[in-house]
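Engineer: Coordinates in run-v4.pdb, PDB, C-alpha atoms, are listed below.
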ATOM      1  CA  MET O 183     -60.463  50.013 169.213  1.00  0.00           C
ATOM      2  CA  ASN O 184     -60.246  47.043 166.874  1.00  0.00           C
ATOM      3  CA  ALA O 185     -61.910  45.766 163.731  1.00  0.00           C
ATOM      4  CA  HIS O 186     -61.667  42.238 162.410  1.00  0.00           C
ATOM      5  CA  VAL O 187     -62.973  40.569 159.284  1.00  0.00           C
ATOM      6  CA  THR O 188     -62.327  37.376 157.388  1.00  0.00           C
ATOM      7  CA  SER O 189     -63.814  36.119 154.158  1.00  0.00           C
ATOM      8  CA  LYS O 190     -66.610  34.482 156.138  1.00  0.00           C
ATOM      9  CA  SER O 191     -67.622  37.814 157.654  1.00  0.00           C
ATOM     10  CA  LEU O 192     -67.088  40.017 154.609  1.00  0.00           C
ATOM     11  CA  PHE O 193     -70.835  40.591 154.288  1.00  0.00           C
ATOM     12  CA  CYS O 194     -70.819  42.152 157.723  1.00  0.00           C
ATOM     13  CA  ALA O 195     -67.938  44.452 156.841  1.00  0.00           C
ATOM     14  CA  ALA O 196     -69.698  45.544 153.678  1.00  0.00           C
ATOM     15  CA  GLY O 197     -72.692  46.585 155.765  1.00  0.00           C
ATOM     16  CA  LEU O 198     -70.653  48.632 158.217  1.00  0.00           C
ATOM     17  CA  ALA O 199     -70.995  51.961 156.473  1.00  0.00           C
ATOM     18  CA  LEU O 200     -74.727  51.480 156.042  1.00  0.00           C
ATOM     19  CA  ALA O 201     -75.646  50.118 159.452  1.00  0.00           C
ATOM     20  CA  ALA O 202     -72.834  50.318 161.932  1.00  0.00           C
ATOM     21  CA  THR O 203     -75.040  49.536 164.937  1.00  0.00           C
ATOM     22  CA  ALA O 204     -76.428  46.404 163.342  1.00  0.00           C
ATOM     23  CA  PHE O 205     -72.915  45.356 162.345  1.00  0.00           C
ATOM     24  CA  VAL O 206     -71.584  45.618 165.872  1.00  0.00           C
ATOM     25  CA  ALA O 207     -74.542  43.817 167.366  1.00  0.00           C
ATOM     26  CA  GLY O 208     -75.145  41.160 164.765  1.00  0.00           C
ATOM     27  CA  CYS O 209     -71.971  40.143 162.957  1.00  0.00           C
ATOM     28  CA  GLY O 210     -69.145  37.776 163.768  1.00  0.00           C
ATOM     29  CA  THR O 211     -69.069  34.347 165.303  1.00  0.00           C
ATOM     30  CA  ALA O 212     -68.207  32.933 168.697  1.00  0.00           C
ATOM     31  CA  ASP O 213     -64.680  32.311 167.387  1.00  0.00           C
ATOM     32  CA  ASP O 214     -64.108  35.913 166.297  1.00  0.00           C
ATOM     33  CA  PRO O 215     -62.481  38.504 168.555  1.00  0.00           C
ATOM     34  CA  GLU O 216     -64.719  41.289 169.753  1.00  0.00           C
ATOM     35  CA  LEU O 217     -65.276  43.331 166.619  1.00  0.00           C
ATOM     36  CA  PHE O 218     -65.473  46.855 167.985  1.00  0.00           C
ATOM     37  CA  PRO O 219     -64.524  47.159 171.660  1.00  0.00           C
ATOM     38  CA  GLU O 220     -64.471  50.517 173.389  1.00  0.00           C
ATOM     39  CA  PRO O 221     -61.729  52.833 172.095  1.00  0.00           C
ATOM     40  CA  VAL O 222     -58.333  52.264 173.673  1.00  0.00           C
ATOM     41  CA  ALA O 223     -57.142  55.730 174.635  1.00  0.00           C
ATOM     42  CA  VAL O 224     -55.528  57.548 177.503  1.00  0.00           C
ATOM     43  CA  THR O 225     -55.854  61.257 178.106  1.00  0.00           C
ATOM     44  CA  PRO O 226     -52.681  63.248 177.408  1.00  0.00           C
ATOM     45  CA  ASP O 227     -52.083  64.048 181.086  1.00  0.00           C
ATOM     46  CA  GLU O 228     -51.919  60.299 181.791  1.00  0.00           C
ATOM     47  CA  ALA O 229     -49.389  59.804 178.995  1.00  0.00           C
ATOM     48  CA  PRO O 230     -45.745  60.884 178.798  1.00  0.00           C
ATOM     49  CA  ALA O 231     -45.192  64.546 177.973  1.00  0.00           C
ATOM     50  CA  ALA O 232     -46.373  65.449 174.479  1.00  0.00           C
ATOM     51  CA  LEU O 233     -44.324  67.120 171.789  1.00  0.00           C
ATOM     52  CA  THR O 234     -44.764  70.782 171.011  1.00  0.00           C
ATOM     53  CA  SER O 235     -44.295  70.295 167.268  1.00  0.00           C
ATOM     54  CA  ALA O 236     -45.185  67.767 164.592  1.00  0.00           C
ATOM     55  CA  LEU O 237     -43.434  64.422 164.304  1.00  0.00           C
ATOM     56  CA  THR O 238     -40.613  64.500 161.779  1.00  0.00           C
ATOM     57  CA  ALA O 239     -40.322  61.768 159.139  1.00  0.00           C
ATOM     58  CA  THR O 240     -37.461  60.302 161.175  1.00  0.00           C
ATOM     59  CA  ASP O 241     -39.526  60.358 164.384  1.00  0.00           C
ATOM     60  CA  THR O 242     -42.398  58.625 162.611  1.00  0.00           C
ATOM     61  CA  GLU O 243     -40.258  55.884 161.112  1.00  0.00           C
ATOM     62  CA  THR O 244     -38.496  55.289 164.429  1.00  0.00           C
ATOM     63  CA  LEU O 245     -41.831  54.862 166.246  1.00  0.00           C
ATOM     64  CA  ARG O 246     -43.180  52.566 163.519  1.00  0.00           C
ATOM     65  CA  ALA O 247     -40.082  50.373 163.712  1.00  0.00           C
ATOM     66  CA  GLN O 248     -40.254  50.313 167.509  1.00  0.00           C
ATOM     67  CA  ILE O 249     -43.889  49.254 167.604  1.00  0.00           C
ATOM     68  CA  LEU O 250     -43.256  46.400 165.158  1.00  0.00           C
ATOM     69  CA  VAL O 251     -40.591  45.104 167.539  1.00  0.00           C
ATOM     70  CA  GLU O 252     -43.012  45.363 170.480  1.00  0.00           C
ATOM     71  CA  ILE O 253     -45.831  43.677 168.524  1.00  0.00           C
ATOM     72  CA  ASN O 254     -43.649  40.750 167.508  1.00  0.00           C
ATOM     73  CA  LYS O 255     -42.282  40.427 171.046  1.00  0.00           C
ATOM     74  CA  ALA O 256     -45.881  40.164 172.239  1.00  0.00           C
ATOM     75  CA  ARG O 257     -46.736  37.564 169.574  1.00  0.00           C
ATOM     76  CA  ALA O 258     -43.753  35.445 170.605  1.00  0.00           C
ATOM     77  CA  VAL O 259     -45.358  34.686 173.984  1.00  0.00           C
ATOM     78  CA  ALA O 260     -48.519  32.610 174.509  1.00  0.00           C
ATOM     79  CA  ARG O 261     -51.170  34.630 176.319  1.00  0.00           C
ATOM     80  CA  VAL O 262     -54.845  34.834 177.255  1.00  0.00           C
ATOM     81  CA  CYS O 263     -56.907  37.508 175.522  1.00  0.00           C
ATOM     82  CA  GLY O 264     -60.087  37.964 177.515  1.00  0.00           C
ATOM     83  CA  THR O 265     -61.138  34.375 178.112  1.00  0.00           C
ATOM     84  CA  LYS O 266     -59.436  32.778 175.095  1.00  0.00           C
ATOM     85  CA  SER O 267     -55.934  31.340 175.113  1.00  0.00           C
ATOM     86  CA  TYR O 268     -53.636  32.013 172.160  1.00  0.00           C
ATOM     87  CA  PRO O 269     -50.378  30.194 171.439  1.00  0.00           C
ATOM     88  CA  ALA O 270     -47.288  32.104 170.421  1.00  0.00           C
ATOM     89  CA  ALA O 271     -47.540  33.314 166.821  1.00  0.00           C
ATOM     90  CA  PRO O 272     -44.927  33.918 164.113  1.00  0.00           C
ATOM     91  CA  PRO O 273     -43.687  37.480 163.641  1.00  0.00           C
ATOM     92  CA  LEU O 274     -45.624  39.786 161.342  1.00  0.00           C
ATOM     93  CA  ARG O 275     -43.861  41.344 158.375  1.00  0.00           C
ATOM     94  CA  ARG O 276     -44.367  44.969 157.404  1.00  0.00           C
ATOM     95  CA  ASN O 277     -46.069  45.542 154.085  1.00  0.00           C
ATOM     96  CA  THR O 278     -45.666  48.847 152.262  1.00  0.00           C
ATOM     97  CA  LYS O 279     -49.308  48.967 151.112  1.00  0.00           C
ATOM     98  CA  LEU O 280     -50.625  48.332 154.615  1.00  0.00           C
ATOM     99  CA  ASP O 281     -48.087  50.800 155.992  1.00  0.00           C
ATOM    100  CA  SER O 282     -49.351  53.523 153.683  1.00  0.00           C
ATOM    101  CA  THR O 283     -53.004  53.153 154.652  1.00  0.00           C
ATOM    102  CA  ALA O 284     -52.263  52.803 158.372  1.00  0.00           C
ATOM    103  CA  GLN O 285     -50.101  55.920 158.338  1.00  0.00           C
ATOM    104  CA  ALA O 286     -52.657  57.902 156.364  1.00  0.00           C
ATOM    105  CA  HIS O 287     -55.415  56.974 158.821  1.00  0.00           C
ATOM    106  CA  SER O 288     -53.342  57.911 161.869  1.00  0.00           C
ATOM    107  CA  VAL O 289     -52.449  61.280 160.367  1.00  0.00           C
ATOM    108  CA  ASP O 290     -56.073  61.837 159.351  1.00  0.00           C
ATOM    109  CA  MET O 291     -57.327  61.149 162.889  1.00  0.00           C
ATOM    110  CA  ALA O 292     -54.698  63.425 164.429  1.00  0.00           C
ATOM    111  CA  THR O 293     -55.198  66.230 161.925  1.00  0.00           C
ATOM    112  CA  LYS O 294     -59.004  66.152 162.039  1.00  0.00           C
ATOM    113  CA  ASN O 295     -59.265  65.327 165.760  1.00  0.00           C
ATOM    114  CA  TYR O 296     -61.372  62.160 165.723  1.00  0.00           C
ATOM    115  CA  PHE O 297     -60.846  58.575 166.892  1.00  0.00           C
ATOM    116  CA  ASN O 298     -62.645  55.904 164.893  1.00  0.00           C
ATOM    117  CA  HIS O 299     -62.044  53.000 162.532  1.00  0.00           C
ATOM    118  CA  ASN O 300     -64.146  54.716 159.901  1.00  0.00           C
ATOM    119  CA  SER O 301     -62.693  57.758 158.188  1.00  0.00           C
ATOM    120  CA  LEU O 302     -64.761  60.933 158.231  1.00  0.00           C
ATOM    121  CA  ASP O 303     -65.457  60.366 154.536  1.00  0.00           C
ATOM    122  CA  GLY O 304     -67.180  57.086 155.448  1.00  0.00           C
ATOM    123  CA  ARG O 305     -64.473  54.629 154.380  1.00  0.00           C
ATOM    124  CA  THR O 306     -64.037  51.535 156.541  1.00  0.00           C
ATOM    125  CA  PRO O 307     -60.655  49.945 157.321  1.00  0.00           C
ATOM    126  CA  PHE O 308     -61.413  47.340 154.680  1.00  0.00           C
ATOM    127  CA  ASP O 309     -62.159  50.015 152.067  1.00  0.00           C
ATOM    128  CA  ARG O 310     -58.848  51.674 152.828  1.00  0.00           C
ATOM    129  CA  ILE O 311     -56.864  48.425 152.711  1.00  0.00           C
ATOM    130  CA  SER O 312     -58.480  47.408 149.416  1.00  0.00           C
ATOM    131  CA  SER O 313     -57.796  50.832 147.894  1.00  0.00           C
ATOM    132  CA  THR O 314     -54.051  50.202 148.194  1.00  0.00           C
ATOM    133  CA  GLY O 315     -54.292  47.209 145.858  1.00  0.00           C
ATOM    134  CA  TYR O 316     -53.614  44.679 148.619  1.00  0.00           C
ATOM    135  CA  ASN O 317     -55.818  41.664 147.840  1.00  0.00           C
ATOM    136  CA  TRP O 318     -56.724  40.147 151.189  1.00  0.00           C
ATOM    137  CA  SER O 319     -58.509  37.046 152.417  1.00  0.00           C
ATOM    138  CA  ALA O 320     -58.557  38.249 156.039  1.00  0.00           C
ATOM    139  CA  ALA O 321     -57.976  41.676 157.535  1.00  0.00           C
ATOM    140  CA  ALA O 322     -58.210  43.510 160.840  1.00  0.00           C
ATOM    141  CA  GLU O 323     -57.377  46.835 162.400  1.00  0.00           C
ATOM    142  CA  ASN O 324     -56.357  48.027 165.853  1.00  0.00           C
ATOM    143  CA  ILE O 325     -56.259  51.687 166.790  1.00  0.00           C
ATOM    144  CA  ALA O 326     -55.040  53.360 169.968  1.00  0.00           C
ATOM    145  CA  ALA O 327     -54.581  56.923 171.138  1.00  0.00           C
ATOM    146  CA  GLY O 328     -52.899  58.968 173.826  1.00  0.00           C
ATOM    147  CA  ASN O 329     -49.589  57.214 174.422  1.00  0.00           C
ATOM    148  CA  SER O 330     -46.384  58.543 172.895  1.00  0.00           C
ATOM    149  CA  THR O 331     -44.368  55.303 173.061  1.00  0.00           C
ATOM    150  CA  ALA O 332     -44.582  52.052 171.165  1.00  0.00           C
ATOM    151  CA  ALA O 333     -44.324  49.904 174.301  1.00  0.00           C
ATOM    152  CA  ALA O 334     -47.175  51.685 176.087  1.00  0.00           C
ATOM    153  CA  THR O 335     -49.380  51.493 172.996  1.00  0.00           C
ATOM    154  CA  VAL O 336     -48.867  47.749 172.558  1.00  0.00           C
ATOM    155  CA  GLN O 337     -49.648  47.337 176.256  1.00  0.00           C
ATOM    156  CA  GLN O 338     -52.970  49.128 175.656  1.00  0.00           C
ATOM    157  CA  TRP O 339     -53.799  46.547 172.989  1.00  0.00           C
ATOM    158  CA  ILE O 340     -52.639  43.538 175.002  1.00  0.00           C
ATOM    159  CA  THR O 341     -54.920  44.437 177.922  1.00  0.00           C
ATOM    160  CA  SER O 342     -58.002  44.716 175.662  1.00  0.00           C
ATOM    161  CA  ALA O 343     -59.475  41.362 174.638  1.00  0.00           C
ATOM    162  CA  GLY O 344     -60.416  42.244 171.058  1.00  0.00           C
ATOM    163  CA  HIS O 345     -57.193  44.070 170.255  1.00  0.00           C
ATOM    164  CA  CYS O 346     -55.149  41.314 171.891  1.00  0.00           C
ATOM    165  CA  ALA O 347     -56.955  38.670 169.818  1.00  0.00           C
ATOM    166  CA  ASN O 348     -56.105  40.482 166.594  1.00  0.00           C
ATOM    167  CA  LEU O 349     -52.515  40.927 167.686  1.00  0.00           C
ATOM    168  CA  MET O 350     -52.104  37.238 168.570  1.00  0.00           C
ATOM    169  CA  SER O 351     -53.965  35.739 165.625  1.00  0.00           C
ATOM    170  CA  LYS O 352     -51.911  33.365 163.457  1.00  0.00           C
ATOM    171  CA  THR O 353     -54.256  34.178 160.579  1.00  0.00           C
ATOM    172  CA  TYR O 354     -52.414  37.374 159.747  1.00  0.00           C
ATOM    173  CA  VAL O 355     -48.962  37.466 158.168  1.00  0.00           C
ATOM    174  CA  ASP O 356     -48.639  41.096 157.029  1.00  0.00           C
ATOM    175  CA  THR O 357     -48.992  44.329 158.951  1.00  0.00           C
ATOM    176  CA  GLY O 358     -48.952  48.059 158.400  1.00  0.00           C
ATOM    177  CA  ILE O 359     -48.290  50.606 161.117  1.00  0.00           C
ATOM    178  CA  GLY O 360     -49.089  54.286 161.422  1.00  0.00           C
ATOM    179  CA  VAL O 361     -48.621  57.024 164.001  1.00  0.00           C
ATOM    180  CA  GLY O 362     -49.907  60.564 163.808  1.00  0.00           C
ATOM    181  CA  TYR O 363     -49.515  63.509 166.152  1.00  0.00           C
ATOM    182  CA  SER O 364     -51.223  66.838 166.631  1.00  0.00           C
ATOM    183  CA  ALA O 365     -50.703  69.126 169.621  1.00  0.00           C
ATOM    184  CA  THR O 366     -54.278  70.385 169.228  1.00  0.00           C
ATOM    185  CA  ALA O 367     -56.016  66.984 168.955  1.00  0.00           C
ATOM    186  CA  LYS O 368     -57.760  65.492 171.988  1.00  0.00           C
ATOM    187  CA  TYR O 369     -55.395  62.520 172.375  1.00  0.00           C
ATOM    188  CA  LYS O 370     -52.294  64.010 170.674  1.00  0.00           C
ATOM    189  CA  TYR O 371     -50.961  60.630 169.465  1.00  0.00           C
ATOM    190  CA  TYR O 372     -52.992  58.324 167.187  1.00  0.00           C
ATOM    191  CA  TRP O 373     -51.827  54.820 166.304  1.00  0.00           C
ATOM    192  CA  THR O 374     -53.129  52.410 163.663  1.00  0.00           C
ATOM    193  CA  GLN O 375     -52.159  48.813 162.994  1.00  0.00           C
ATOM    194  CA  ASN O 376     -53.583  46.975 159.988  1.00  0.00           C
ATOM    195  CA  PHE O 377     -53.340  43.194 159.807  1.00  0.00           C
ATOM    196  CA  ALA O 378     -53.907  41.117 156.685  1.00  0.00           C
ATOM    197  CA  LYS O 379     -53.475  37.807 154.953  1.00  0.00           C
ATOM    198  CA  PRO O 380     -53.197  37.862 151.149  1.00  0.00           C
ATOM    199  CA  LEU O 381     -55.445  35.882 148.861  1.00  0.00           C
TER     200      LEU O 381
END
Now, as a test, write the supplied structure out as structure tokens.
Structural biologist:
Amino acid sequence: MNAHVTSKSLFCAAGLALAATAFVAGCGTADDPELFPEPVAVTPDEAPAALTSALTATDTETLRAQILVEINKARAVARVCGTKSYPAAPPLRRNTKLDSTAQAHSVDMATKNYFNHNSLDGRTPFDRISSTGYNWSAAAENIAAGNSTAAATVQQWITSAGHCANLMSKTYVDTGIGVGYSATAKYKYYWTQNFAKPL
């Protein structure tokens, strides 16, 4: 699942919490990636074997580092996302503020067993990014669930037009990455990637 907003579509993002259906149907432009495609998830029995205990801090950091490598490998190659061609893009750099909100959202989804851009308390991705103190001119979010590896998760995003468009966009320079796990949650593994460009 992906979310995308720039300064030109900030009004739409602001209306998300109040009228999500209208936002999905009525916001964005022909040049924007698909704002909210169907969730990108695989069921646990389609994914590699799940853990039987929580991710350790070392496990989490290893997976976050691995997915950044996979994301930047994907950006280094020109590709078609849906029907739109994207040139190769410069590598994204990890940002500690975006990291913190992405990780918190992944853990929240895993712990509370839901899969959505909006938190259960009603906050949108853009609310969460802003709450870290990151002042952005453009921002986006991809989420995925079910896969336990970085490579498989990036592949989920690459094969979905909206997620792929976010991943390949030259607009964004900073990223934050999160991964959460719960043995009792529907999809077990929950991934979040935040993209942003500072003001």
Engineer: For a test of reading the model, state the distance in Å between atom CA of Cys346 of chain O and atom CA of Ala247 of chain O, rounded to one decimal.
Structural biologist: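 These atoms are spaced 19.4 Å apart.
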Engineer: Selection in question (the file shown): the PyMOL selection byres ((chain O and resi 318) around 7). Which residues does it include, as a PDB file with C-alpha atoms, keeping the file's coordinate frame?
Structural biologist:
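And here is the file that came out, selection_25.pdb:
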ATOM      1  CA  TYR O 316     -53.614  44.679 148.619  1.00  0.00           C
ATOM      2  CA  ASN O 317     -55.818  41.664 147.840  1.00  0.00           C
ATOM      3  CA  SER O 319     -58.509  37.046 152.417  1.00  0.00           C
ATOM      4  CA  ALA O 320     -58.557  38.249 156.039  1.00  0.00           C
ATOM      5  CA  ALA O 321     -57.976  41.676 157.535  1.00  0.00           C
ATOM      6  CA  ALA O 378     -53.907  41.117 156.685  1.00  0.00           C
ATOM      7  CA  LYS O 379     -53.475  37.807 154.953  1.00  0.00           C
ATOM      8  CA  PRO O 380     -53.197  37.862 151.149  1.00  0.00           C
ATOM      9  CA  LEU O 381     -55.445  35.882 148.861  1.00  0.00           C
TER      10      LEU O 381
END
Engineer: To one decimal in Å, tell me the separation between atom CA of Asn300 of chain O and atom CA of Arg261 of chain O.
Structural biologist: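 It comes out at 29.0 Å.
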Engineer: Mind pulling up the distance from atom CA of Gly344 of chain O to atom CA of Lys266 of chain O?
Structural biologist: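 Rounded to one decimal, the two atoms are 10.3 Å apart.
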Engineer: Just the residues within 7 Å of Ala343 of chain O, please, counting only C-alpha atoms, with nothing from its chain fewer than 3 positions along; format it as a ChimeraX atom specification.
Structural biologist: /O:263-264,346-347
Engineer: Take the residues that were just selected and, keeping C-alpha atoms, output them as a tab-separated table (two decimals), keeping the file's coordinate frame.
Structural biologist:
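The new file part_20.tsv reads:
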chain	number	residue	atom	x	y	z
O	263	CYS	CA	-56.91	37.51	175.52
O	264	GLY	CA	-60.09	37.96	177.52
O	346	CYS	CA	-55.15	41.31	171.89
O	347	ALA	CA	-56.96	38.67	169.82
Engineer: My list of candidates is O:Ala322, O:Val259, O:Leu250, O:Ile359. Which is closest to Thr278 of chain O when distances are computed with all atoms listed in the file?
Structural biologist: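 Between O:Ala322, O:Val259, O:Leu250, O:Ile359, the residue approaching Thr278 of chain O most closely is O:Ile359.
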